Amino acid sequence: MIKKSLPILSVFYLVAGINHFWNPGFYEPIMPPFLPYHLTLIYISGACEIIFAILLLPRSTRKTAAWLIIIFLIAVFPANIQMAVNYYSENDPRLWFALVRLPLQAVLILWAHVFTKVIKH
């Protein structure tokens, strides 16, 4: 069943990537302060998500794309932590959302990992 979720995974990253360009203001506050060039990194991460989403579809690039997504999810995890820290310190009612995002990263990594194996569709 999860193997049939490839189009869903691809669309998920495509939409997420596009959102970095449509709504960069959402991402700016969750950028860890130790990182420079926040807006540039937001656009780069959005472009990566779009590219990886497209690369998931052809069988010839699927395995590489899945590994790139896993690396990407690990790389952006500090932003998810920053979001939780921000919401906690601001007593933001969306703290629950930020806390749910933390373990969700593991689910997304496992989902992408399914496609690191050569799968014929």
# chains A, B, ... in the order shown; residues from 1 in each chain; ligands from 1
>>> select_by_dssp(residues="chain A", states="helix (DSSP H, G or I)", output="MDAnalysis selection string")
chainID A and resid 2:22 24:30 38:56 59:89 95:116
>>> residues_around(residues="region 63-74 of chain A", least_positions_apart="6", cutoff="7 Å", atoms="only C-alpha atoms", output="ChimeraX atom specification")
/A:52,55-56,105,109,112-113,115-118
>>> atom_distance(atom1="CA of Val11 (chain A)", atom2="CA of Ile50 (chain A)")
9.0 Å
>>> closest_residue(among="A:Val114, A:Leu99, A:Leu14, A:Val76", to="Ser45 (chain A)", atoms="only C-alpha atoms")
A:Val76
>>> closest_residue(among="A:Ala47, A:Leu95, A:Leu41, A:Leu35", to="Ala16 (chain A)", atoms="only C-alpha atoms")
A:Ala47
>>> atom_distance(atom1="CA of Leu110 (chain A)", atom2="CA of Ala98 (chain A)")
19.5 Å
>>> closest_residue(among="A:Ile54, A:Phe77, A:Gly25, A:Lys3", to="Ala106 (chain A)", atoms="only C-alpha atoms")
A:Phe77
>>> decode(residues="region 85-100 of chain A", atoms="N, CA, C and O atoms", output="PDB file, in the first residue's frame")
ATOM      1  N   VAL A  85      10.401  26.037  19.910  1.00  0.00           N
ATOM      2  CA  VAL A  85      10.985  26.953  20.898  1.00  0.00           C
ATOM      3  C   VAL A  85      10.285  28.307  20.830  1.00  0.00           C
ATOM      4  O   VAL A  85       9.909  28.883  21.864  1.00  0.00           O
ATOM      5  N   ASN A  86      10.103  28.820  19.617  1.00  0.00           N
ATOM      6  CA  ASN A  86       9.424  30.117  19.448  1.00  0.00           C
ATOM      7  C   ASN A  86       8.011  30.077  20.023  1.00  0.00           C
ATOM      8  O   ASN A  86       7.609  30.963  20.774  1.00  0.00           O
ATOM      9  N   TYR A  87       7.255  29.055  19.640  1.00  0.00           N
ATOM     10  CA  TYR A  87       5.866  28.971  20.078  1.00  0.00           C
ATOM     11  C   TYR A  87       5.780  28.793  21.589  1.00  0.00           C
ATOM     12  O   TYR A  87       4.888  29.353  22.237  1.00  0.00           O
ATOM     13  N   TYR A  88       6.706  28.044  22.154  1.00  0.00           N
ATOM     14  CA  TYR A  88       6.721  27.859  23.607  1.00  0.00           C
ATOM     15  C   TYR A  88       7.017  29.183  24.303  1.00  0.00           C
ATOM     16  O   TYR A  88       6.306  29.576  25.232  1.00  0.00           O
ATOM     17  N   SER A  89       8.050  29.866  23.850  1.00  0.00           N
ATOM     18  CA  SER A  89       8.453  31.118  24.509  1.00  0.00           C
ATOM     19  C   SER A  89       7.423  32.232  24.329  1.00  0.00           C
ATOM     20  O   SER A  89       7.317  33.121  25.165  1.00  0.00           O
ATOM     21  N   GLU A  90       6.653  32.163  23.245  1.00  0.00           N
ATOM     22  CA  GLU A  90       5.621  33.171  22.986  1.00  0.00           C
ATOM     23  C   GLU A  90       4.260  32.765  23.553  1.00  0.00           C
ATOM     24  O   GLU A  90       3.282  33.473  23.376  1.00  0.00           O
ATOM     25  N   ASN A  91       4.225  31.588  24.189  1.00  0.00           N
ATOM     26  CA  ASN A  91       2.967  31.050  24.700  1.00  0.00           C
ATOM     27  C   ASN A  91       1.912  30.973  23.595  1.00  0.00           C
ATOM     28  O   ASN A  91       0.737  31.264  23.801  1.00  0.00           O
ATOM     29  N   ASP A  92       2.370  30.604  22.402  1.00  0.00           N
ATOM     30  CA  ASP A  92       1.528  30.546  21.212  1.00  0.00           C
ATOM     31  C   ASP A  92       0.627  29.310  21.278  1.00  0.00           C
ATOM     32  O   ASP A  92       1.095  28.203  21.544  1.00  0.00           O
ATOM     33  N   PRO A  93      -0.671  29.472  21.024  1.00  0.00           N
ATOM     34  CA  PRO A  93      -1.578  28.316  21.073  1.00  0.00           C
ATOM     35  C   PRO A  93      -1.283  27.266  19.991  1.00  0.00           C
ATOM     36  O   PRO A  93      -1.781  26.146  20.066  1.00  0.00           O
ATOM     37  N   ARG A  94      -0.454  27.625  19.016  1.00  0.00           N
ATOM     38  CA  ARG A  94      -0.090  26.646  17.979  1.00  0.00           C
ATOM     39  C   ARG A  94       1.083  25.761  18.400  1.00  0.00           C
ATOM     40  O   ARG A  94       1.606  25.005  17.591  1.00  0.00           O
ATOM     41  N   LEU A  95       1.470  25.836  19.653  1.00  0.00           N
ATOM     42  CA  LEU A  95       2.573  25.011  20.140  1.00  0.00           C
ATOM     43  C   LEU A  95       2.319  23.534  19.863  1.00  0.00           C
ATOM     44  O   LEU A  95       3.227  22.802  19.485  1.00  0.00           O
ATOM     45  N   TRP A  96       1.079  23.095  19.994  1.00  0.00           N
ATOM     46  CA  TRP A  96       0.755  21.688  19.738  1.00  0.00           C
ATOM     47  C   TRP A  96       1.165  21.300  18.315  1.00  0.00           C
ATOM     48  O   TRP A  96       1.690  20.209  18.082  1.00  0.00           O
ATOM     49  N   PHE A  97       0.940  22.201  17.362  1.00  0.00           N
ATOM     50  CA  PHE A  97       1.290  21.956  15.961  1.00  0.00           C
ATOM     51  C   PHE A  97       2.801  21.783  15.814  1.00  0.00           C
ATOM     52  O   PHE A  97       3.281  20.874  15.139  1.00  0.00           O
ATOM     53  N   ALA A  98       3.544  22.667  16.466  1.00  0.00           N
ATOM     54  CA  ALA A  98       5.006  22.595  16.399  1.00  0.00           C
ATOM     55  C   ALA A  98       5.521  21.303  17.033  1.00  0.00           C
ATOM     56  O   ALA A  98       6.466  20.701  16.530  1.00  0.00           O
ATOM     57  N   LEU A  99       4.894  20.886  18.102  1.00  0.00           N
ATOM     58  CA  LEU A  99       5.324  19.653  18.771  1.00  0.00           C
ATOM     59  C   LEU A  99       4.986  18.414  17.941  1.00  0.00           C
ATOM     60  O   LEU A  99       5.756  17.449  17.922  1.00  0.00           O
ATOM     61  N   VAL A 100       3.867  18.446  17.245  1.00  0.00           N
ATOM     62  CA  VAL A 100       3.494  17.325  16.367  1.00  0.00           C
ATOM     63  C   VAL A 100       4.462  17.217  15.193  1.00  0.00           C
ATOM     64  O   VAL A 100       4.780  16.113  14.737  1.00  0.00           O
TER      65      VAL A 100
END
